[in-house]
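Trainee: Okay, so here is target.json, and as you'll see once you scroll down, it has JSON, C-alpha atoms.
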[["chain", "number", "residue", "atom", "x", "y", "z"],
["A", 249, "MET", "CA", 0.00, 0.00, 0.00],
["A", 250, "SER", "CA", 1.44, 3.35, -1.00],
["A", 251, "GLU", "CA", 1.65, 6.01, 1.69],
["A", 252, "THR", "CA", 0.28, 9.49, 1.09],
["A", 253, "PRO", "CA", 2.17, 12.23, 2.95],
["A", 254, "TYR", "CA", 0.11, 14.48, 5.23],
["A", 255, "ALA", "CA", 0.80, 17.61, 3.22],
["A", 256, "GLU", "CA", -0.12, 15.89, -0.03],
["A", 257, "TYR", "CA", -3.34, 14.40, 1.36],
["A", 258, "LEU", "CA", -4.49, 17.84, 2.54],
["A", 259, "ALA", "CA", -3.07, 19.68, -0.50],
["A", 260, "LEU", "CA", -1.32, 22.02, 1.89],
["A", 261, "ASP", "CA", 0.95, 23.59, -0.72],
["A", 262, "GLU", "CA", -2.11, 24.69, -2.64],
["A", 263, "LEU", "CA", -4.21, 25.55, 0.41],
["A", 264, "LEU", "CA", -1.59, 27.67, 2.14],
["A", 265, "SER", "CA", -0.75, 29.57, -1.03],
["A", 266, "GLN", "CA", -4.29, 30.94, -1.42],
["A", 267, "GLN", "CA", -3.86, 33.97, 0.84],
["A", 268, "HIS", "CA", -3.22, 37.04, -1.30],
["A", 269, "PRO", "CA", -3.29, 40.28, 0.72],
["A", 270, "VAL", "CA", -3.87, 43.45, -1.26],
["A", 271, "SER", "CA", -1.97, 45.56, 1.27],
["A", 272, "GLU", "CA", 1.08, 45.38, 3.52],
["A", 273, "GLU", "CA", -1.07, 45.71, 6.64],
["A", 274, "HIS", "CA", -0.42, 43.12, 9.35],
["A", 275, "ASP", "CA", -4.12, 42.43, 10.14],
["A", 276, "GLU", "CA", -5.16, 41.63, 6.60],
["A", 277, "MET", "CA", -3.84, 38.07, 6.87],
["A", 278, "LEU", "CA", -6.18, 37.42, 9.80],
["A", 279, "PHE", "CA", -9.09, 38.90, 7.85],
["A", 280, "ILE", "CA", -8.43, 36.63, 4.86],
["A", 281, "VAL", "CA", -7.86, 33.43, 6.82],
["A", 282, "ILE", "CA", -10.94, 33.89, 9.02],
["A", 283, "HIS", "CA", -13.15, 34.22, 5.95],
["A", 284, "GLN", "CA", -11.47, 31.37, 4.07],
["A", 285, "ALA", "CA", -11.80, 29.08, 7.10],
["A", 286, "THR", "CA", -15.46, 30.06, 7.41],
["A", 287, "GLU", "CA", -16.05, 29.08, 3.79],
["A", 288, "LEU", "CA", -14.42, 25.69, 4.44],
["A", 289, "TRP", "CA", -16.63, 25.10, 7.47],
["A", 290, "MET", "CA", -19.70, 26.16, 5.48],
["A", 291, "LYS", "CA", -18.77, 23.52, 2.90],
["A", 292, "VAL", "CA", -18.96, 20.92, 5.68],
["A", 293, "VAL", "CA", -22.25, 22.41, 6.94],
["A", 294, "LEU", "CA", -23.83, 22.04, 3.49],
["A", 295, "HIS", "CA", -22.44, 18.51, 3.23],
["A", 296, "GLU", "CA", -24.03, 17.56, 6.56],
["A", 297, "LEU", "CA", -27.34, 19.33, 5.94],
["A", 298, "GLY", "CA", -27.74, 17.59, 2.60],
["A", 299, "TYR", "CA", -27.02, 14.24, 4.24],
["A", 300, "ALA", "CA", -29.48, 14.93, 7.07],
["A", 301, "GLN", "CA", -32.17, 15.94, 4.60],
["A", 302, "ARG", "CA", -31.73, 12.74, 2.60],
["A", 303, "GLN", "CA", -31.87, 10.61, 5.75],
["A", 304, "ILE", "CA", -35.06, 12.31, 6.91],
["A", 305, "ALA", "CA", -36.59, 11.74, 3.48],
["A", 306, "GLY", "CA", -35.68, 8.05, 3.87],
["A", 307, "ASP", "CA", -37.12, 7.76, 7.41],
["A", 308, "ASP", "CA", -33.67, 7.01, 8.82],
["A", 309, "LEU", "CA", -33.45, 9.52, 11.64],
["A", 310, "GLY", "CA", -30.46, 8.22, 13.59],
["A", 311, "PRO", "CA", -27.84, 9.37, 11.05],
["A", 312, "ALA", "CA", -29.78, 12.62, 10.59],
["A", 313, "PHE", "CA", -29.50, 13.35, 14.31],
["A", 314, "LYS", "CA", -25.74, 12.92, 14.15],
["A", 315, "ALA", "CA", -25.41, 15.21, 11.13],
["A", 316, "LEU", "CA", -27.59, 17.94, 12.67],
["A", 317, "ALA", "CA", -25.67, 17.76, 15.95],
["A", 318, "ARG", "CA", -22.43, 18.12, 14.02],
["A", 319, "VAL", "CA", -23.70, 21.22, 12.21],
["A", 320, "ALA", "CA", -24.66, 22.80, 15.54],
["A", 321, "ARG", "CA", -21.14, 22.13, 16.86],
["A", 322, "ILE", "CA", -19.60, 23.65, 13.74],
["A", 323, "GLN", "CA", -21.69, 26.74, 14.37],
["A", 324, "HIS", "CA", -20.03, 27.06, 17.77],
["A", 325, "VAL", "CA", -16.61, 27.04, 16.06],
["A", 326, "LEU", "CA", -17.82, 29.79, 13.73],
["A", 327, "ILE", "CA", -19.14, 31.79, 16.68],
["A", 328, "GLU", "CA", -15.69, 31.70, 18.26],
["A", 329, "SER", "CA", -14.11, 32.81, 14.99],
["A", 330, "TRP", "CA", -15.93, 36.14, 15.31],
["A", 331, "GLN", "CA", -14.26, 36.56, 18.70],
["A", 332, "VAL", "CA", -10.88, 36.19, 17.00],
["A", 333, "LEU", "CA", -11.77, 38.67, 14.26],
["A", 334, "ALA", "CA", -12.95, 41.13, 16.92],
["A", 335, "THR", "CA", -9.31, 41.52, 18.02],
["A", 336, "MET", "CA", -8.97, 43.68, 14.91],
["A", 337, "THR", "CA", -9.77, 47.29, 15.80],
["A", 338, "PRO", "CA", -11.59, 49.82, 13.57],
["A", 339, "VAL", "CA", -8.27, 51.56, 12.92],
["A", 340, "ASP", "CA", -6.66, 48.26, 11.91],
["A", 341, "TYR", "CA", -9.45, 47.50, 9.41],
["A", 342, "LEU", "CA", -9.52, 50.99, 7.92],
["A", 343, "GLU", "CA", -5.89, 50.57, 6.91],
["A", 344, "PHE", "CA", -6.90, 48.16, 4.14],
["A", 345, "ARG", "CA", -10.71, 48.25, 3.87],
["A", 346, "HIS", "CA", -10.64, 50.75, 1.01],
["A", 347, "LEU", "CA", -8.60, 48.27, -1.05],
["A", 348, "LEU", "CA", -11.23, 45.51, -0.93],
["A", 349, "GLY", "CA", -13.30, 47.04, -3.72],
["A", 350, "SER", "CA", -16.70, 45.40, -4.13],
["A", 351, "ALA", "CA", -15.70, 42.20, -2.29],
["A", 352, "SER", "CA", -18.30, 41.47, 0.39],
["A", 353, "GLY", "CA", -19.54, 38.57, 2.49],
["A", 354, "PHE", "CA", -22.92, 39.24, 0.88],
["A", 355, "GLN", "CA", -21.44, 37.51, -2.17],
["A", 356, "SER", "CA", -20.90, 34.22, -0.32],
["A", 357, "GLU", "CA", -22.74, 31.61, -2.35],
["A", 358, "GLN", "CA", -22.35, 29.00, 0.36],
["A", 359, "TYR", "CA", -23.90, 31.20, 3.05],
["A", 360, "ARG", "CA", -26.90, 31.82, 0.79],
["A", 361, "ALA", "CA", -27.12, 28.09, 0.11],
["A", 362, "ILE", "CA", -27.24, 27.36, 3.86],
["A", 363, "GLU", "CA", -30.00, 29.92, 4.31],
["A", 364, "PHE", "CA", -31.94, 28.44, 1.41],
["A", 365, "VAL", "CA", -31.64, 24.88, 2.75],
["A", 366, "LEU", "CA", -32.81, 26.03, 6.18],
["A", 367, "GLY", "CA", -35.74, 27.97, 4.76],
["A", 368, "ARG", "CA", -34.79, 31.63, 4.42],
["A", 369, "ARG", "CA", -35.00, 32.34, 0.71],
["A", 370, "PRO", "CA", -34.46, 36.01, -0.14],
["A", 371, "VAL", "CA", -33.87, 36.48, -3.85],
["A", 372, "GLY", "CA", -32.71, 40.09, -3.81],
["A", 373, "TYR", "CA", -29.09, 39.19, -3.07],
["A", 374, "LEU", "CA", -28.70, 36.71, -5.94],
["A", 375, "ASN", "CA", -27.67, 39.49, -8.29],
["A", 376, "GLN", "CA", -24.46, 39.76, -6.23],
["A", 377, "LEU", "CA", -23.38, 36.37, -7.61],
["A", 378, "ASP", "CA", -22.13, 35.30, -11.00],
["A", 379, "GLU", "CA", -24.46, 33.41, -13.34],
["A", 380, "PRO", "CA", -23.34, 29.87, -12.37],
["A", 381, "GLY", "CA", -23.77, 30.78, -8.70],
["A", 382, "ARG", "CA", -27.27, 32.14, -9.30],
["A", 383, "GLU", "CA", -28.22, 28.98, -11.18],
["A", 384, "ARG", "CA", -26.96, 26.72, -8.39],
["A", 385, "LEU", "CA", -28.89, 28.66, -5.78],
["A", 386, "GLU", "CA", -32.03, 28.73, -7.91],
["A", 387, "ARG", "CA", -31.99, 24.92, -7.97],
["A", 388, "ILE", "CA", -31.87, 24.89, -4.17],
["A", 389, "ARG", "CA", -34.58, 27.57, -3.91],
["A", 390, "ARG", "CA", -36.98, 25.58, -6.07],
["A", 391, "ALA", "CA", -36.56, 22.37, -4.07],
["A", 392, "PRO", "CA", -37.84, 21.37, -0.62],
["A", 393, "GLY", "CA", -35.58, 22.41, 2.25],
["A", 394, "LEU", "CA", -34.62, 20.62, 5.45],
["A", 395, "TYR", "CA", -37.77, 21.64, 7.31],
["A", 396, "ASP", "CA", -39.96, 20.78, 4.32],
["A", 397, "GLU", "CA", -38.61, 17.23, 4.45],
["A", 398, "THR", "CA", -39.34, 17.16, 8.17],
["A", 399, "LEU", "CA", -42.95, 18.15, 7.54],
["A", 400, "ARG", "CA", -43.21, 15.50, 4.83],
["A", 401, "LEU", "CA", -42.05, 12.99, 7.42],
["A", 402, "LEU", "CA", -44.81, 14.11, 9.78],
["A", 403, "ALA", "CA", -47.32, 13.61, 6.97],
["A", 404, "ARG", "CA", -45.99, 10.10, 6.23],
["A", 405, "ARG", "CA", -46.42, 9.26, 9.91],
["A", 406, "GLY", "CA", -50.08, 10.31, 9.65],
["A", 407, "LEU", "CA", -49.69, 13.31, 11.94],
["A", 408, "LEU", "CA", -49.92, 16.13, 9.41],
["A", 409, "ASP", "CA", -52.53, 16.65, 6.72],
["A", 410, "ASP", "CA", -51.02, 16.76, 3.21],
["A", 411, "ARG", "CA", -52.71, 20.10, 2.55],
["A", 412, "TRP", "CA", -50.19, 21.81, 4.82],
["A", 413, "LEU", "CA", -47.46, 20.69, 2.41],
["A", 414, "GLU", "CA", -49.02, 22.33, -0.63],
["A", 415, "ARG", "CA", -46.97, 25.46, -1.11],
["A", 416, "ASP", "CA", -44.48, 27.12, -3.42],
["A", 417, "TRP", "CA", -41.01, 25.90, -2.41],
["A", 418, "THR", "CA", -39.46, 29.17, -3.60],
["A", 419, "GLU", "CA", -41.29, 31.05, -0.85],
["A", 420, "GLN", "CA", -40.20, 31.17, 2.76],
["A", 421, "HIS", "CA", -42.16, 28.98, 5.13],
["A", 422, "GLU", "CA", -44.55, 30.92, 7.34],
["A", 423, "LEU", "CA", -45.99, 29.85, 10.67],
["A", 424, "THR", "CA", -48.90, 27.49, 10.00],
["A", 425, "GLU", "CA", -51.49, 26.61, 12.61],
["A", 426, "GLY", "CA", -51.91, 23.04, 11.44],
["A", 427, "VAL", "CA", -48.17, 22.44, 11.79],
["A", 428, "VAL", "CA", -48.20, 23.93, 15.30],
["A", 429, "GLU", "CA", -50.97, 21.51, 16.30],
["A", 430, "THR", "CA", -48.99, 18.58, 14.91],
["A", 431, "TRP", "CA", -45.89, 19.50, 16.90],
["A", 432, "LEU", "CA", -48.06, 19.91, 19.99],
["A", 433, "THR", "CA", -49.19, 16.31, 19.53],
["A", 434, "VAL", "CA", -45.55, 15.22, 19.43],
["A", 435, "TYR", "CA", -44.48, 17.29, 22.43],
["A", 436, "ARG", "CA", -47.45, 16.21, 24.55],
["A", 437, "ASP", "CA", -46.64, 12.52, 24.07],
["A", 438, "THR", "CA", -42.88, 12.27, 23.78],
["A", 439, "ALA", "CA", -42.88, 8.59, 24.74],
["A", 440, "GLU", "CA", -45.04, 7.76, 21.72],
["A", 441, "PHE", "CA", -43.23, 10.06, 19.30],
["A", 442, "TRP", "CA", -39.71, 10.08, 20.75],
["A", 443, "ASP", "CA", -37.81, 10.10, 17.46],
["A", 444, "LEU", "CA", -39.88, 12.99, 16.11],
["A", 445, "TYR", "CA", -39.44, 14.84, 19.40],
["A", 446, "GLU", "CA", -35.69, 14.32, 19.19],
["A", 447, "LEU", "CA", -35.67, 15.53, 15.59],
["A", 448, "ALA", "CA", -37.55, 18.67, 16.62],
["A", 449, "GLU", "CA", -35.05, 19.40, 19.39],
["A", 450, "LYS", "CA", -32.12, 18.83, 17.05],
["A", 451, "LEU", "CA", -33.62, 21.41, 14.70],
["A", 452, "VAL", "CA", -34.05, 23.85, 17.59],
["A", 453, "ASP", "CA", -30.41, 23.26, 18.63],
["A", 454, "LEU", "CA", -29.36, 23.99, 15.06],
["A", 455, "GLU", "CA", -31.37, 27.20, 14.83],
["A", 456, "HIS", "CA", -30.24, 28.35, 18.26],
["A", 457, "ALA", "CA", -26.59, 27.95, 17.27],
["A", 458, "PHE", "CA", -27.18, 29.59, 13.89],
["A", 459, "SER", "CA", -28.87, 32.55, 15.59],
["A", 460, "ARG", "CA", -25.90, 32.98, 17.90],
["A", 461, "TRP", "CA", -23.56, 32.90, 14.89],
["A", 462, "ARG", "CA", -25.56, 35.62, 13.15],
["A", 463, "TYR", "CA", -25.70, 37.68, 16.34],
["A", 464, "GLU", "CA", -21.92, 37.51, 16.83],
["A", 465, "HIS", "CA", -21.50, 38.52, 13.18],
["A", 466, "PHE", "CA", -23.75, 41.53, 13.80],
["A", 467, "ARG", "CA", -21.92, 42.56, 16.98],
["A", 468, "THR", "CA", -18.47, 42.12, 15.42],
["A", 469, "VAL", "CA", -19.38, 44.22, 12.38],
["A", 470, "HIS", "CA", -20.89, 46.85, 14.69],
["A", 471, "ARG", "CA", -17.71, 46.86, 16.75],
["A", 472, "ILE", "CA", -15.38, 47.24, 13.80],
["A", 473, "ILE", "CA", -17.22, 49.49, 11.29],
["A", 474, "GLY", "CA", -20.18, 50.81, 13.29],
["A", 475, "GLY", "CA", -23.09, 51.91, 11.12],
["A", 476, "LYS", "CA", -21.09, 52.35, 7.91],
["A", 477, "ARG", "CA", -22.31, 50.66, 4.75],
["A", 478, "GLY", "CA", -20.58, 47.41, 3.89],
["A", 479, "THR", "CA", -17.92, 46.99, 1.22],
["A", 480, "GLY", "CA", -19.31, 47.32, -2.27],
["A", 481, "GLY", "CA", -22.13, 49.51, -0.94],
["A", 482, "THR", "CA", -23.93, 46.67, 0.81],
["A", 483, "GLU", "CA", -26.38, 47.53, 3.57],
["A", 484, "GLY", "CA", -24.30, 46.41, 6.51],
["A", 485, "LEU", "CA", -25.86, 46.43, 9.98],
["A", 486, "GLY", "CA", -29.48, 46.82, 8.81],
["A", 487, "TYR", "CA", -29.40, 43.51, 6.96],
["A", 488, "LEU", "CA", -27.53, 41.73, 9.74],
["A", 489, "ARG", "CA", -30.03, 42.93, 12.34],
["A", 490, "ARG", "CA", -32.94, 41.54, 10.33],
["A", 491, "ALA", "CA", -31.09, 38.26, 9.81],
["A", 492, "VAL", "CA", -30.69, 37.85, 13.58],
["A", 493, "ASP", "CA", -34.46, 38.15, 14.04],
["A", 494, "PHE", "CA", -35.39, 35.64, 11.31],
["A", 495, "VAL", "CA", -36.84, 32.30, 12.48],
["A", 496, "PHE", "CA", -36.32, 29.21, 10.31],
["A", 497, "PHE", "CA", -38.66, 26.80, 12.10],
["A", 498, "PRO", "CA", -41.41, 29.03, 13.53],
["A", 499, "GLU", "CA", -43.75, 26.27, 14.75],
["A", 500, "LEU", "CA", -41.00, 24.72, 16.88],
["A", 501, "TRP", "CA", -40.68, 27.98, 18.77],
["A", 502, "GLU", "CA", -44.42, 28.68, 18.91],
["A", 503, "VAL", "CA", -45.11, 25.27, 20.43],
["A", 504, "ARG", "CA", -43.15, 26.34, 23.53],
["A", 505, "SER", "CA", -45.76, 29.01, 24.24],
["A", 506, "ARG", "CA", -48.63, 26.54, 23.78],
["A", 507, "LEU", "CA", -47.53, 23.65, 26.00]]
Produce C-alpha cells that represent the structure in this file.

Mentor:
Amino acid sequence: MSETPYAEYLALDELLSQQHPVSEEHDEMLFIVIHQATELWMKVVLHELGYAQRQIAGDDLGPAFKALARVARIQHVLIESWQVLATMTPVDYLEFRHLLGSASGFQSEQYRAIEFVLGRRPVGYLNQLDEPGRERLERIRRAPGLYDETLRLLARRGLLDDRWLERDWTEQHELTEGVVETWLTVYRDTAEFWDLYELAEKLVDLEHAFSRWRYEHFRTVHRIIGGKRGTGGTEGLGYLRRAVDFVFFPELWEVRSRL
C-alpha cells in the first residue's frame, strides 16, 4: 500500500498559497484566513445538511440526528471565529478596507445556500453572484428544504394533513397553525413520538446555534465598522439585524408558548 504524505493528502501547498493580501497591513492576513476558514466550514455544513435531509426523506433519523448535531457544533466554532476577528480594531481595518473594492460577504454563495436549505429564501441578493452561482442557488430555492422534508415525514407518519405541504417551495415557510398543532401532539406525548421529538429538538439546537452565529457577526461588524455601509455599498448592519431576528422553524418555537 502506497503512503500518502500528510501535506499531499491535505493539498497544503495549494491551500496555504491561497492567501493574497492586497496591502502590507499586518491584520489583513487574519481577515483573509478567518473568511477562508469560514467558507471551508460552510462547505462541511452544506455537506451535513444535505445528508441529514436525505436521511429524513428516507425515514432514517439516527444518522440525521448525528449530522444535525455536528452542524450545531460547527456553528459554535464559527461563533468563536468572530471573537478572533474582533481583536482587529476599527483603525486596523480601515488601513486596508478601502482596497477591498466590491468584495463582500454578501457575495458568499455558500452562506446563501445554507440559508436556502434552512428555509430563508431572499432572492434580492442573488444578483451579487455570477451566473453559475445564481443557477446553483435557484436549484436549491426551487426544491424542498430541510424543514420541508421534516414536515413531509410528519405527513408520512399520519400526523400532518397533506394540505399543509401544498406550497411554493421558492417562498419562505410561514408559521402554520396546522403544523403547530402537529408538533403539539408530538411534544405532549414524547414517549409515543420520541424520534420525532428528538428531531424537533435537534432542529431547535441547530437554529439556536445559527442565531448565535448571526448575532456575533452583527456585533463584530458593529464593533469594527459601526453603522457604515458594507464593502461594495452593501447595507451592513441593517441587513444583519434583520437576519438575527429571522426564524427558520417558527412552529417549533411557537409550540413552547402553547404547551

Trainee: Could you tell me which of A:Tyr254, A:Phe344, A:Phe441, A:Ala334 comes closest to Val270 in chain A if we count all atoms listed in the file?

Mentor: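 Looking only at the distances to Val270 in chain A, the closest residue turns out to be A:Phe344.
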
Trainee: Hey, what's within 7 Å of Gly367 in chain A if we count all atoms listed in the file and toss same-chain stuff fewer than 4 positions away? As a PyMOL selection string, please?

Mentor: chain A and resi 363+393+420-421+496

Trainee: If you count all atoms listed in the file, which residues fall within 8 Å of Lys291 in chain A, apart from same-chain ones fewer than 4 positions away, as a count of residues only?

Mentor: 3

Trainee: What does the distance from CA of Glu343 in chain A to CA of Thr286 in chain A come to in Å, to one decimal?

Mentor: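 Atom-to-atom, CA of Glu343 in chain A and CA of Thr286 in chain A are spaced 22.6 Å apart.
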
Trainee: With a distance cut-off of 12 Å and only C-alpha atoms, select the neighbouring residues of Arg506 in chain A, excluding the residue or stretch itself and same-chain residues fewer than 3 positions from it, and output the selection as a list in words.

Mentor: Glu425, Val428, Glu429, Thr430, Trp431, Leu432, Thr433, Tyr435, Arg436, Glu499, Leu500, Trp501, Glu502 and Val503 of chain A

Trainee: What would the file look like if the residues just selected were written as an mmCIF file, keeping the file's coordinate frame with C-alpha atoms?

Mentor:
data_model
loop_
_atom_site.group_PDB
_atom_site.id
_atom_site.type_symbol
_atom_site.label_atom_id
_atom_site.label_comp_id
_atom_site.auth_asym_id
_atom_site.auth_seq_id
_atom_site.Cartn_x
_atom_site.Cartn_y
_atom_site.Cartn_z
ATOM 1 C CA GLU A 425 -51.490 26.610 12.610
ATOM 2 C CA VAL A 428 -48.200 23.930 15.300
ATOM 3 C CA GLU A 429 -50.970 21.510 16.300
ATOM 4 C CA THR A 430 -48.990 18.580 14.910
ATOM 5 C CA TRP A 431 -45.890 19.500 16.900
ATOM 6 C CA LEU A 432 -48.060 19.910 19.990
ATOM 7 C CA THR A 433 -49.190 16.310 19.530
ATOM 8 C CA TYR A 435 -44.480 17.290 22.430
ATOM 9 C CA ARG A 436 -47.450 16.210 24.550
ATOM 10 C CA GLU A 499 -43.750 26.270 14.750
ATOM 11 C CA LEU A 500 -41.000 24.720 16.880
ATOM 12 C CA TRP A 501 -40.680 27.980 18.770
ATOM 13 C CA GLU A 502 -44.420 28.680 18.910
ATOM 14 C CA VAL A 503 -45.110 25.270 20.430
#

Trainee: Find the distance between CA of His470 in chain A and CA of Val371 in chain A and write it in Å to one decimal.

Mentor: 24.9 Å
